[in-house]
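Chemist: Supplied structure: query31.cif, mmCIF, C-alpha atoms and all ligand atoms.
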```
data_query
loop_
_atom_site.label_atom_id
_atom_site.label_comp_id
_atom_site.auth_asym_id
_atom_site.auth_seq_id
_atom_site.Cartn_x
_atom_site.Cartn_y
_atom_site.Cartn_z
CA MET A 236 155.48 137.19 45.07
CA SER A 237 153.23 140.10 44.10
CA HIS A 238 152.38 140.66 40.46
CA ASP A 239 151.20 143.83 38.68
CA TYR A 240 148.34 141.78 37.19
CA ASP A 241 146.91 138.26 37.36
CA VAL A 242 146.33 138.24 33.61
CA ILE A 243 147.73 140.41 30.79
CA ILE A 244 145.93 140.07 27.45
CA ILE A 245 147.87 141.24 24.39
CA GLY A 246 145.31 142.32 21.76
CA GLY A 247 141.98 143.99 22.49
CA GLY A 248 140.29 142.82 19.27
CA MET A 249 136.97 140.97 19.32
CA VAL A 250 138.39 137.85 20.99
CA GLY A 251 140.80 139.48 23.50
CA GLY A 252 138.12 142.08 24.34
CA CYS A 253 135.53 139.36 25.06
CA LEU A 254 137.99 137.50 27.29
CA GLY A 255 138.52 140.78 29.20
CA LEU A 256 134.73 141.17 29.62
CA ALA A 257 134.37 137.57 30.85
CA LEU A 258 137.11 138.17 33.46
CA SER A 259 135.69 141.54 34.51
CA GLN A 260 133.00 139.54 36.34
CA SER A 261 135.73 138.29 38.77
CA SER A 262 138.21 139.69 41.29
CA LEU A 263 141.16 138.96 38.95
CA ARG A 264 143.35 141.96 38.09
CA VAL A 265 143.44 142.13 34.30
CA ALA A 266 145.05 144.44 31.72
CA ILE A 267 144.46 144.55 27.96
CA VAL A 268 147.32 145.86 25.82
CA GLU A 269 146.03 147.08 22.43
CA SER A 270 148.10 148.77 19.73
CA ARG A 271 145.29 150.55 17.84
CA GLU A 272 142.79 153.15 19.09
CA PHE A 273 139.15 152.30 18.32
CA THR A 274 138.81 155.40 16.07
CA GLU A 275 141.62 154.00 13.89
CA LYS A 276 139.85 150.62 13.61
CA GLN A 277 136.59 152.40 12.76
CA SER A 278 138.13 154.10 9.74
CA ASP A 279 139.66 150.82 8.48
CA SER A 280 137.40 149.40 5.74
CA ALA A 281 138.37 145.80 6.75
CA GLY A 282 136.13 146.36 9.79
CA LYS A 283 133.13 146.40 7.45
CA ARG A 284 133.45 142.64 6.78
CA ALA A 285 130.35 140.70 7.74
CA ILE A 286 130.71 138.25 10.61
CA ALA A 287 128.22 135.39 10.81
CA LEU A 288 127.64 134.69 14.51
CA SER A 289 126.51 131.23 15.52
CA TRP A 290 123.71 130.51 17.97
CA GLY A 291 126.42 129.28 20.37
CA SER A 292 128.17 132.68 20.12
CA ARG A 293 124.91 134.42 20.95
CA ARG A 294 124.77 132.43 24.18
CA ILE A 295 128.31 133.52 25.12
CA LEU A 296 127.56 137.19 24.31
CA GLU A 297 124.41 136.97 26.46
CA GLN A 298 126.54 135.82 29.39
CA LEU A 299 128.88 138.77 28.75
CA ASN A 300 125.84 141.09 28.91
CA ILE A 301 126.47 142.49 25.44
CA TRP A 302 123.97 140.49 23.40
CA ARG A 303 121.31 143.23 23.37
CA PRO A 304 123.47 145.94 21.69
CA VAL A 305 125.02 143.33 19.35
CA ASN A 306 121.54 142.06 18.40
CA ASP A 307 120.38 145.66 17.71
CA ALA A 308 123.08 145.86 15.01
CA ALA A 309 122.63 142.31 13.64
CA MET A 310 120.38 140.49 11.16
CA ALA A 311 118.91 137.09 12.08
CA ILE A 312 119.46 134.09 9.77
CA LYS A 313 116.34 131.91 9.79
CA HIS A 314 117.38 129.59 6.95
CA ILE A 315 120.65 128.44 5.39
CA HIS A 316 120.61 127.38 1.75
CA VAL A 317 123.63 125.44 0.43
CA SER A 318 123.96 124.61 -3.29
CA ASP A 319 126.50 123.68 -5.95
CA LYS A 320 126.46 125.59 -9.27
CA GLY A 321 125.59 123.39 -12.22
CA HIS A 322 124.81 120.32 -10.09
CA PHE A 323 121.71 118.81 -8.55
CA GLY A 324 122.65 118.74 -4.85
CA LYS A 325 121.34 121.33 -2.43
CA THR A 326 120.34 121.47 1.22
CA ARG A 327 118.28 123.78 3.38
CA LEU A 328 118.50 124.22 7.14
CA SER A 329 115.88 126.09 9.11
CA ALA A 330 115.80 127.60 12.60
CA ALA A 331 112.30 126.23 13.20
CA SER A 332 113.40 122.62 12.61
CA GLN A 333 116.28 123.15 15.08
CA ASN A 334 113.91 124.70 17.65
CA VAL A 335 115.88 127.96 17.85
CA ASP A 336 114.95 131.59 17.03
CA ALA A 337 117.72 131.84 14.44
CA LEU A 338 120.50 129.67 13.01
CA GLY A 339 122.86 132.60 13.40
CA TYR A 340 123.23 136.37 13.05
CA VAL A 341 125.17 138.66 10.72
CA ILE A 342 126.92 141.81 11.92
CA GLU A 343 129.81 144.03 10.76
CA ALA A 344 133.05 143.25 12.62
CA VAL A 345 133.50 146.91 13.61
CA LYS A 346 130.05 146.94 15.26
CA ILE A 347 130.95 144.01 17.56
CA GLN A 348 134.25 145.76 18.31
CA ALA A 349 132.38 148.97 19.21
CA VAL A 350 130.10 147.15 21.67
CA VAL A 351 133.04 145.30 23.26
CA THR A 352 135.20 148.46 23.54
CA ASN A 353 132.34 150.48 25.14
CA SER A 354 131.58 147.72 27.59
CA LEU A 355 135.25 147.39 28.57
CA LYS A 356 135.39 151.15 29.30
CA GLN A 357 132.76 150.64 31.99
CA SER A 358 134.52 147.62 33.53
CA ASN A 359 137.36 147.18 36.05
CA ILE A 360 139.78 146.05 33.30
CA ASP A 361 142.85 148.28 32.70
CA SER A 362 143.03 149.26 29.05
CA LEU A 363 146.56 150.14 27.91
CA CYS A 364 146.11 151.70 24.47
CA PRO A 365 147.82 152.54 22.20
CA ALA A 366 150.46 150.13 23.50
CA SER A 367 152.28 147.20 21.86
CA LEU A 368 154.05 144.11 23.07
CA VAL A 369 157.84 144.37 22.74
CA ASP A 370 158.95 141.10 24.39
CA TYR A 371 158.37 138.86 27.39
CA VAL A 372 160.37 136.59 29.68
CA VAL A 373 158.85 133.66 31.56
CA HIS A 374 160.02 132.80 35.11
CA ASP A 375 158.83 130.01 37.46
CA ASP A 376 156.30 132.24 39.18
CA SER A 377 155.56 135.01 36.66
CA ALA A 378 155.83 136.35 33.14
CA ASP A 379 157.54 139.75 32.73
CA VAL A 380 155.94 141.55 29.82
CA THR A 381 157.63 144.55 28.19
CA ILE A 382 155.32 146.90 26.30
CA SER A 383 155.77 150.19 24.52
CA LEU A 384 153.24 152.67 25.93
CA ASN A 385 153.17 156.25 24.63
CA GLY A 386 156.62 155.67 23.11
CA LYS A 387 158.16 154.48 26.42
CA GLU A 388 159.04 150.91 27.36
CA LYS A 389 157.52 149.53 30.54
CA THR A 390 157.75 146.03 32.10
CA LEU A 391 154.74 144.53 33.90
CA SER A 392 154.57 141.19 35.70
CA CYS A 393 151.64 138.79 35.55
CA LYS A 394 150.68 135.21 36.40
CA LEU A 395 149.36 134.47 32.92
CA LEU A 396 150.04 136.09 29.53
CA VAL A 397 147.34 135.68 26.86
CA GLY A 398 148.18 136.20 23.16
CA ALA A 399 144.97 137.45 21.50
CA ASP A 400 146.94 139.56 19.04
CA GLY A 401 145.65 138.12 15.77
CA GLY A 402 147.13 136.34 12.75
CA LEU A 403 150.54 138.05 12.99
CA SER A 404 150.81 137.40 16.74
CA LYS A 405 153.91 138.83 18.40
CA VAL A 406 153.24 136.68 21.49
CA ARG A 407 153.43 133.62 19.24
CA GLU A 408 156.63 134.88 17.61
CA CYS A 409 158.40 135.77 20.89
CA GLY A 410 157.42 132.39 22.41
CA ALA A 411 158.65 130.50 19.31
CA PHE A 412 155.38 128.52 19.11
CA GLU A 413 155.30 126.09 16.19
CA LEU A 414 153.01 127.45 13.44
CA LYS A 415 151.59 125.28 10.65
CA GLU A 416 150.65 127.34 7.61
CA TYR A 417 148.97 126.60 4.34
CA SER A 418 148.14 129.13 1.65
CA TYR A 419 145.05 128.39 -0.46
CA ASP A 420 146.32 130.83 -3.09
CA GLN A 421 142.83 132.29 -2.95
CA HIS A 422 141.40 135.73 -2.18
CA ALA A 423 137.95 136.66 -0.85
CA ILE A 424 136.16 139.57 -2.50
CA ALA A 425 133.88 141.13 0.12
CA GLY A 426 131.28 143.88 -0.30
CA LEU A 427 127.62 144.89 -0.04
CA ILE A 428 125.12 143.83 -2.69
CA SER A 429 121.61 145.10 -3.42
CA VAL A 430 119.11 142.40 -4.38
CA GLU A 431 115.76 142.32 -6.15
CA SER A 432 114.22 139.74 -3.80
CA ASP A 433 112.52 140.77 -0.57
CA VAL A 434 113.85 137.66 1.25
CA HIS A 435 116.11 138.89 4.05
CA ASP A 436 116.47 136.03 6.49
CA VAL A 437 118.24 133.42 4.33
CA ALA A 438 122.02 132.93 4.20
CA TYR A 439 123.24 131.41 0.93
CA GLU A 440 126.39 129.35 0.46
CA ARG A 441 126.96 128.53 -3.22
CA PHE A 442 129.84 126.36 -4.35
CA THR A 443 131.34 126.89 -7.81
CA SER A 444 134.35 125.35 -9.53
CA GLU A 445 136.29 128.62 -8.91
CA GLY A 446 135.42 128.73 -5.21
CA PRO A 447 132.48 129.33 -2.86
CA ILE A 448 130.19 132.38 -2.70
CA ALA A 449 128.45 133.36 0.54
CA MET A 450 125.59 135.88 0.59
CA LEU A 451 124.57 136.89 4.09
CA PRO A 452 121.56 139.08 4.94
CA HIS A 453 122.58 142.65 5.89
CA PHE A 454 120.70 145.77 7.01
CA ASP A 455 118.73 148.03 4.64
CA GLY A 456 117.69 145.15 2.37
CA LEU A 457 121.31 144.55 1.33
CA TYR A 458 123.28 141.30 1.29
CA SER A 459 126.89 140.93 2.35
CA LEU A 460 128.99 139.12 -0.25
CA VAL A 461 132.05 136.93 0.40
CA TRP A 462 133.17 135.62 -3.02
CA ILE A 463 136.19 133.34 -3.00
CA MET A 464 138.38 132.56 -6.01
CA PRO A 465 142.04 131.96 -7.01
CA SER A 466 144.19 135.01 -6.18
CA GLU A 467 145.12 135.82 -9.77
CA LEU A 468 141.51 135.65 -10.92
CA ALA A 469 140.42 137.89 -8.01
CA GLN A 470 142.75 140.60 -9.30
CA ASP A 471 141.18 140.38 -12.77
CA VAL A 472 137.62 140.33 -11.39
CA MET A 473 138.29 143.39 -9.21
CA ALA A 474 139.56 145.23 -12.30
CA LEU A 475 136.31 144.60 -14.25
CA PRO A 476 133.90 147.47 -14.94
CA GLU A 477 130.84 147.34 -12.62
CA ASN A 478 128.42 145.85 -15.18
CA GLU A 479 130.84 143.01 -16.08
CA PHE A 480 131.61 142.37 -12.41
CA LEU A 481 127.88 142.02 -11.70
CA GLU A 482 127.25 139.86 -14.78
CA ARG A 483 129.98 137.49 -13.63
CA LEU A 484 128.68 137.36 -10.07
CA GLN A 485 125.11 136.79 -11.27
CA SER A 486 126.18 133.95 -13.56
CA ARG A 487 128.06 132.24 -10.69
CA PHE A 488 125.49 132.86 -7.93
CA GLY A 489 122.32 132.35 -9.99
CA GLN A 490 118.88 133.85 -9.52
CA TRP A 491 118.23 132.91 -5.88
CA LEU A 492 117.94 136.61 -4.96
CA GLY A 493 116.89 138.02 -8.37
CA GLN A 494 118.85 140.87 -9.98
CA LEU A 495 122.05 141.81 -8.07
CA GLY A 496 123.60 145.32 -7.83
CA LEU A 497 126.71 146.79 -6.16
CA SER A 498 126.38 149.02 -3.09
CA GLY A 499 129.79 150.63 -2.54
CA LYS A 500 133.27 149.33 -3.23
CA CYS A 501 134.39 145.72 -2.73
CA GLN A 502 137.62 144.71 -1.00
CA THR A 503 139.89 141.67 -1.20
CA PHE A 504 141.40 139.52 1.58
CA PRO A 505 144.12 136.83 1.09
CA LEU A 506 143.13 133.40 2.45
CA ASN A 507 145.41 131.12 4.45
CA LEU A 508 145.01 128.37 6.99
CA SER A 509 147.37 128.63 9.90
CA HIS A 510 147.22 126.96 13.28
CA VAL A 511 149.42 126.35 16.28
CA PRO A 512 149.19 122.64 17.21
CA ASN A 513 150.13 123.31 20.84
CA ASN A 514 148.83 126.71 21.89
CA THR A 515 149.86 126.67 25.55
CA ALA A 516 153.35 127.01 27.10
CA GLU A 517 154.50 127.82 30.61
CA ARG A 518 152.43 130.89 31.74
CA VAL A 519 151.43 131.69 28.13
CA VAL A 520 148.38 130.82 26.01
CA LEU A 521 147.32 131.82 22.49
CA ILE A 522 143.62 132.31 21.61
CA GLY A 523 141.61 133.45 18.57
CA ASN A 524 143.41 134.16 15.31
CA ALA A 525 146.78 134.05 17.12
CA ALA A 526 146.14 130.30 17.56
CA HIS A 527 144.20 129.50 14.36
CA GLN A 528 143.37 131.52 11.28
CA LEU A 529 140.71 129.85 9.15
CA HIS A 530 139.30 130.26 5.67
CA PRO A 531 136.15 132.41 6.03
CA VAL A 532 134.03 130.04 3.89
CA ALA A 533 132.39 128.42 6.89
CA GLY A 534 132.18 131.67 8.92
CA GLN A 535 133.85 130.02 11.92
CA GLY A 536 136.97 132.09 12.83
CA PHE A 537 135.47 134.49 15.37
CA ASN A 538 132.99 131.88 16.64
CA LEU A 539 135.88 129.51 17.39
CA GLY A 540 137.94 132.32 19.00
CA LEU A 541 134.99 133.33 21.17
CA ARG A 542 134.74 129.74 22.45
CA ASP A 543 138.50 129.89 23.24
CA ALA A 544 137.85 133.03 25.31
CA ALA A 545 134.82 131.52 27.09
CA ILE A 546 136.62 128.32 28.05
CA LEU A 547 139.81 130.11 29.13
CA ALA A 548 137.70 132.41 31.34
CA ASP A 549 135.94 129.34 32.74
CA ALA A 550 139.27 127.66 33.57
CA LEU A 551 140.64 130.87 35.14
CA LEU A 552 137.55 131.46 37.26
CA SER A 553 137.75 127.89 38.63
CA ASN A 554 141.50 127.90 39.37
CA GLN A 555 142.52 131.51 40.03
CA ASN A 556 145.82 130.68 41.76
CA ASP A 557 147.05 127.68 39.81
CA MET A 558 148.05 128.64 36.26
CA ALA A 559 149.46 125.20 35.43
CA THR A 560 145.99 123.68 36.04
CA VAL A 561 144.34 126.51 34.09
CA LEU A 562 146.55 125.81 31.06
CA GLU A 563 146.12 122.05 31.28
CA THR A 564 142.33 122.34 31.59
CA TYR A 565 142.20 124.82 28.71
CA ALA A 566 144.35 122.64 26.42
CA ASN A 567 142.26 119.53 27.16
CA ARG A 568 138.96 121.28 26.59
CA ARG A 569 139.90 123.15 23.39
CA GLN A 570 141.87 120.55 21.46
CA LEU A 571 138.95 118.65 19.92
CA ASP A 572 136.82 121.66 18.92
CA GLN A 573 139.81 123.46 17.34
CA ALA A 574 140.92 120.34 15.43
CA LEU A 575 137.35 119.57 14.26
CA ILE A 576 136.60 123.10 13.01
CA THR A 577 140.03 123.51 11.37
CA GLY A 578 139.67 120.12 9.64
CA PHE A 579 136.00 120.73 8.73
CA THR A 580 136.78 124.11 7.11
CA ASP A 581 139.83 122.76 5.27
CA ASN A 582 137.91 119.73 3.94
CA VAL A 583 134.95 121.85 2.81
CA ILE A 584 137.31 124.07 0.77
CA LYS A 585 139.10 121.11 -0.81
CA LEU A 586 135.82 119.33 -1.58
CA PHE A 587 134.02 122.36 -2.97
CA SER A 588 136.80 124.28 -4.77
CA THR A 589 137.43 121.74 -7.48
CA ASP A 590 135.76 120.73 -10.71
CA SER A 591 136.95 117.10 -10.56
CA ALA A 592 134.13 114.72 -11.56
CA LEU A 593 134.79 112.42 -8.59
CA PHE A 594 134.63 115.24 -6.04
CA SER A 595 131.55 116.56 -7.77
CA VAL A 596 129.70 113.25 -7.26
CA VAL A 597 130.84 113.08 -3.63
CA ARG A 598 129.81 116.63 -2.78
CA ASN A 599 126.45 116.38 -4.53
CA SER A 600 125.55 113.11 -2.88
CA GLY A 601 126.75 114.71 0.37
CA LEU A 602 124.39 117.66 -0.09
CA LEU A 603 121.54 115.36 -1.08
CA MET A 604 122.13 113.12 1.93
CA LEU A 605 122.20 116.17 4.17
CA ASP A 606 118.86 117.23 2.74
CA LYS A 607 117.22 113.83 3.07
CA ILE A 608 118.59 112.41 6.33
CA PRO A 609 117.38 114.40 9.37
CA LEU A 610 120.13 113.12 11.72
CA MET A 611 122.96 114.24 9.39
CA LYS A 612 121.21 117.52 8.76
CA ASN A 613 120.86 118.13 12.50
CA GLN A 614 124.57 117.35 13.02
CA PHE A 615 125.54 119.76 10.21
CA ALA A 616 123.22 122.43 11.63
CA ARG A 617 124.65 122.02 15.13
CA GLN A 618 128.21 122.39 13.75
CA THR A 619 127.21 125.50 11.76
CA MET A 620 125.53 126.96 14.83
CA GLY A 621 128.66 126.44 16.93
CA LEU A 622 126.92 123.91 19.19
CA GLY A 623 128.97 120.91 18.07
CA SER A 624 131.51 121.05 20.88
CA ARG A 625 131.33 120.75 24.66
CA LEU A 626 130.10 124.10 25.96
CA ALA A 627 131.76 126.33 28.51
CA ARG A 628 129.82 127.34 31.61
CA LEU A 629 129.57 130.78 30.02
CA THR A 630 127.63 129.31 27.09
CA ALA A 631 125.66 126.69 28.93
CA SER A 632 123.56 128.57 31.46
C1 LIG B 701 136.49 138.28 4.71
C2 LIG B 701 136.37 137.66 6.10
C3 LIG B 701 135.14 137.18 6.53
C4 LIG B 701 135.01 136.57 7.78
N1 LIG B 701 133.80 136.10 8.16
C5 LIG B 701 133.66 135.50 9.37
C6 LIG B 701 132.39 135.01 9.80
O1 LIG B 701 131.39 135.09 9.08
N2 LIG B 701 132.30 134.42 11.03
C7 LIG B 701 133.37 134.28 11.86
O2 LIG B 701 133.24 133.72 12.95
N3 LIG B 701 134.60 134.74 11.48
C8 LIG B 701 134.76 135.34 10.26
N4 LIG B 701 135.99 135.84 9.90
C9 LIG B 701 137.15 135.66 10.84
C10 LIG B 701 137.19 136.74 11.94
O3 LIG B 701 137.21 138.03 11.35
C11 LIG B 701 138.44 136.52 12.80
O4 LIG B 701 138.51 135.18 13.21
C12 LIG B 701 138.41 137.42 14.05
O5 LIG B 701 138.43 138.77 13.68
C13 LIG B 701 139.65 137.13 14.93
O6 LIG B 701 139.62 137.98 16.06
P1 LIG B 701 140.90 138.14 17.00
O7 LIG B 701 140.48 139.08 18.08
O8 LIG B 701 141.45 136.81 17.35
O9 LIG B 701 142.01 138.81 16.08
P2 LIG B 701 142.06 140.27 15.45
O10 LIG B 701 140.69 140.70 15.04
O11 LIG B 701 143.13 140.27 14.42
O12 LIG B 701 142.50 141.20 16.70
C14 LIG B 701 143.84 141.24 17.16
C15 LIG B 701 144.03 142.54 17.94
O13 LIG B 701 145.37 142.56 18.46
C16 LIG B 701 145.96 143.86 18.24
N5 LIG B 701 147.42 143.64 18.18
C17 LIG B 701 148.12 143.00 17.19
N6 LIG B 701 149.45 142.96 17.49
C18 LIG B 701 149.58 143.58 18.70
C19 LIG B 701 150.70 143.85 19.56
N7 LIG B 701 151.96 143.46 19.24
N8 LIG B 701 150.49 144.52 20.71
C20 LIG B 701 149.23 144.91 21.06
N9 LIG B 701 148.13 144.67 20.30
C21 LIG B 701 148.29 144.02 19.14
C22 LIG B 701 145.33 144.33 16.93
O14 LIG B 701 145.34 145.73 16.81
C23 LIG B 701 143.89 143.78 17.05
O15 LIG B 701 143.03 144.68 17.70
C24 LIG B 701 136.16 136.45 8.64
C25 LIG B 701 137.39 136.95 8.22
C26 LIG B 701 137.51 137.54 6.95
C27 LIG B 701 138.86 138.06 6.50
#
```
Is it possible to express this structure as structure tokens?
Modeler:
Amino acid sequence: MSHDYDVIIIGGGMVGGCLGLALSQSSLRVAIVESREFTEKQSDSAGKRAIALSWGSRRILEQLNIWRPVNDAAMAIKHIHVSDKGHFGKTRLSAASQNVDALGYVIEAVKIQAVVTNSLKQSNIDSLCPASLVDYVVHDDSADVTISLNGKEKTLSCKLLVGADGGLSKVRECGAFELKEYSYDQHAIAGLISVESDVHDVAYERFTSEGPIAMLPHFDGLYSLVWIMPSELAQDVMALPENEFLERLQSRFGQWLGQLGLSGKCQTFPLNLSHVPNNTAERVVLIGNAAHQLHPVAGQGFNLGLRDAAILADALLSNQNDMATVLETYANRRQLDQALITGFTDNVIKLFSTDSALFSVVRNSGLLMLDKIPLMKNQFARQTMGLGSRLARLTAS
């Protein structure tokens, strides 16, 4: 039977877009269905959130031929400094001791999206935008996908349907995938911070009894703040006058970067953990936030989604005509990494968002051990850099 496409990707965000780019290097016929024009995403302030890219993600973006423009808009992290407010434990990781140029890179989400969107325009991928998924039906030999394009419904057939449509995935909903959800009842306050210090290559992760604070190096001498706390408290903190807001932040973060100032308005994001235990079904697969939405404390959501895209592309390029094998290979190769990162992030939040004396001893001895035992430190660094799991061909060469 002939199909309109080999692969239809619903969602042209950072993850779906990167999958499209990976497949553009093949003879597969691919379409990306995206509901929002890039200009609309550009004007959305959520796009300003800082994304910490791991060293492993850099390797994937190099293989997609987009690392150079991404790097031009990114800041390199040479050191990571992890500490716990009011306690003795701390650990430092450095790029030099891991024999890499950088432990990771920081870039605004909208800047990655811009590079991906521009690169897709020059590829052989069909971009259907603005268009949204309405529904789909799976048959033995195809999936029939109904979309709304320019206000009109249209049905397209494909061999494989990919849901890369984010945390509120319609592909997931229409396919009745089981979703496990947990709300942390926390919000992240994100914004840009001016600092007194002239150190601009260190990423700080500071744990406090209210929740963790991440400060990531940004352009123009600024730092990008992700400050996590209980939802109710976040509302109160956002309502504080600027000087009180800064006083509070300074007292929680400490003097690692000297005097802190605000550069622009901060925003809040609700924090949940959701994941789909089995993210493949006949002729359908979920990747990125559609399959797992993580707490941003460990900066892993996009990095994990990018590895989903790389490994799915790998499986598709090896088995272009056999979607059952593609899905089986993908499920086998992604299960461990997804479970490890989801569990790692969840455990870090539970361990570091409490003031219990017992947890405090455990986390401080943990940080001390990390600092003193090179093997543990290397393992932690590899996990943070996104190198902990088996690599896809896209990342390995
Ligand atoms: C404050 C904060 C900080 C973060 N920091 C980091 C970090 O440091 N490092 C990191 O790795 N991750 C981080 N993340 C997570 C990261 O932002 C996400 O994991 C990533 O954006 C997920 O990408 P995605 O493409 O899967 O989903 P999305 O970015 O949500 O993209 C989904 C796309 O699908 C489209 N779409 C939705 N529904 C439909 C439909 N029905 N039809 C057609 N199109 C549709 C949407 O318009 C969108 O373009 C952070 C998140 C937050 C909130």
Chemist: Which residues are near ligand LIG 701 (chain B) in this structure, taking near to mean any atom at most 7 Å from a ligand atom and counting all atoms listed in the file? Format them as a PyMOL selection string.
Modeler: chain A and resi 245-251+268-271+284-288+344+366-369+399-405+423+425+461+504+522-525+528+531+534-540
Chemist: Work out how far CA of Glu388 in chain A is from CA of Leu562 in chain A, in Å to one decimal.
Modeler: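 These atoms are spaced 28.3 Å apart.
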Chemist: Figure out the distance between CA of Gly499 in chain A and CA of His422 in chain A, please, to one decimal in Å.
Modeler: 18.9 Å
Chemist: Rounded to one decimal place, report the CA of Val437 in chain A-CA of Gly282 in chain A distance in Å.
Modeler: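 Result for CA of Val437 in chain A versus CA of Gly282 in chain A: 22.7 Å, one decimal.
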Chemist: Determine the nearest neighbour of His435 in chain A from the options A:Leu414, A:Ile312, A:Leu541, A:Val351, counting all atoms listed in the file.
Modeler: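 Among A:Leu414, A:Ile312, A:Leu541, A:Val351, it is A:Ile312 that comes nearest to His435 in chain A.
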Chemist: Between A:Gly456, A:Gly489, A:Gly252, A:Gly398, which has the minimum distance to Leu427 in chain A (counting only C-alpha atoms)?
Modeler: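 Smallest separation from Leu427 in chain A among the options: A:Gly456.
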Chemist: My list of candidates is A:Asp471, A:Glu275, A:Glu445, A:Asp455. Which is closest to Met310 in chain A when distances are computed with all atoms listed in the file?
Modeler: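 Among A:Asp471, A:Glu275, A:Glu445, A:Asp455, it is A:Asp455 that comes nearest to Met310 in chain A.
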Chemist: So that I can check the surroundings of Glu440 in chain A, please list as a VMD selection string every protein, DNA and RNA residue that reaches within 7 Å of it, counting only C-alpha atoms and ignoring chain neighbours fewer than 3 positions away.
Modeler: chain A and resid 316 to 318 447 to 450
Chemist: Near Ala438 in chain A, within 10 Å and counting only C-alpha atoms, which residues show up once chain neighbours fewer than 3 positions away are dropped, as number ranges by chain?
Modeler: A: 287, 311-317, 327-328, 338-341, 434-435, 441, 449-453, 458-459
Chemist: Kindly save the residues from that selection, with C-alpha atoms included, as a PDB file, keeping the file's coordinate frame.
Modeler:
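Once written, result-v7.pdb looks like this:
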```pdb
ATOM      1  CA  ALA A 287     128.220 135.390  10.810  1.00  0.00           C
ATOM      2  CA  ALA A 311     118.910 137.090  12.080  1.00  0.00           C
ATOM      3  CA  ILE A 312     119.460 134.090   9.770  1.00  0.00           C
ATOM      4  CA  LYS A 313     116.340 131.910   9.790  1.00  0.00           C
ATOM      5  CA  HIS A 314     117.380 129.590   6.950  1.00  0.00           C
ATOM      6  CA  ILE A 315     120.650 128.440   5.390  1.00  0.00           C
ATOM      7  CA  HIS A 316     120.610 127.380   1.750  1.00  0.00           C
ATOM      8  CA  VAL A 317     123.630 125.440   0.430  1.00  0.00           C
ATOM      9  CA  ARG A 327     118.280 123.780   3.380  1.00  0.00           C
ATOM     10  CA  LEU A 328     118.500 124.220   7.140  1.00  0.00           C
ATOM     11  CA  LEU A 338     120.500 129.670  13.010  1.00  0.00           C
ATOM     12  CA  GLY A 339     122.860 132.600  13.400  1.00  0.00           C
ATOM     13  CA  TYR A 340     123.230 136.370  13.050  1.00  0.00           C
ATOM     14  CA  VAL A 341     125.170 138.660  10.720  1.00  0.00           C
ATOM     15  CA  VAL A 434     113.850 137.660   1.250  1.00  0.00           C
ATOM     16  CA  HIS A 435     116.110 138.890   4.050  1.00  0.00           C
ATOM     17  CA  ARG A 441     126.960 128.530  -3.220  1.00  0.00           C
ATOM     18  CA  ALA A 449     128.450 133.360   0.540  1.00  0.00           C
ATOM     19  CA  MET A 450     125.590 135.880   0.590  1.00  0.00           C
ATOM     20  CA  LEU A 451     124.570 136.890   4.090  1.00  0.00           C
ATOM     21  CA  PRO A 452     121.560 139.080   4.940  1.00  0.00           C
ATOM     22  CA  HIS A 453     122.580 142.650   5.890  1.00  0.00           C
ATOM     23  CA  TYR A 458     123.280 141.300   1.290  1.00  0.00           C
ATOM     24  CA  SER A 459     126.890 140.930   2.350  1.00  0.00           C
TER      25      SER A 459
END
```
Chemist: Which one of A:Met558, A:Leu384, A:Ala566, A:Asn359 sits closest to Pro512 in chain A if you count only C-alpha atoms?
Modeler: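 The answer is A:Ala566, which sits nearest to Pro512 in chain A.
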Chemist: Taking into account only C-alpha atoms, which residue in the set A:Arg542, A:His530, A:Arg569, A:Lys276 is nearest to Thr515 in chain A?
Modeler: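 Using only C-alpha atoms, Thr515 in chain A sits closest to A:Arg569.
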Chemist: Point out the residue among A:Leu492, A:Cys253, A:Gln421, A:Ala378 with the least atom-to-atom distance to Gln470 in chain A, counting all atoms listed in the file.
Modeler: A:Gln421
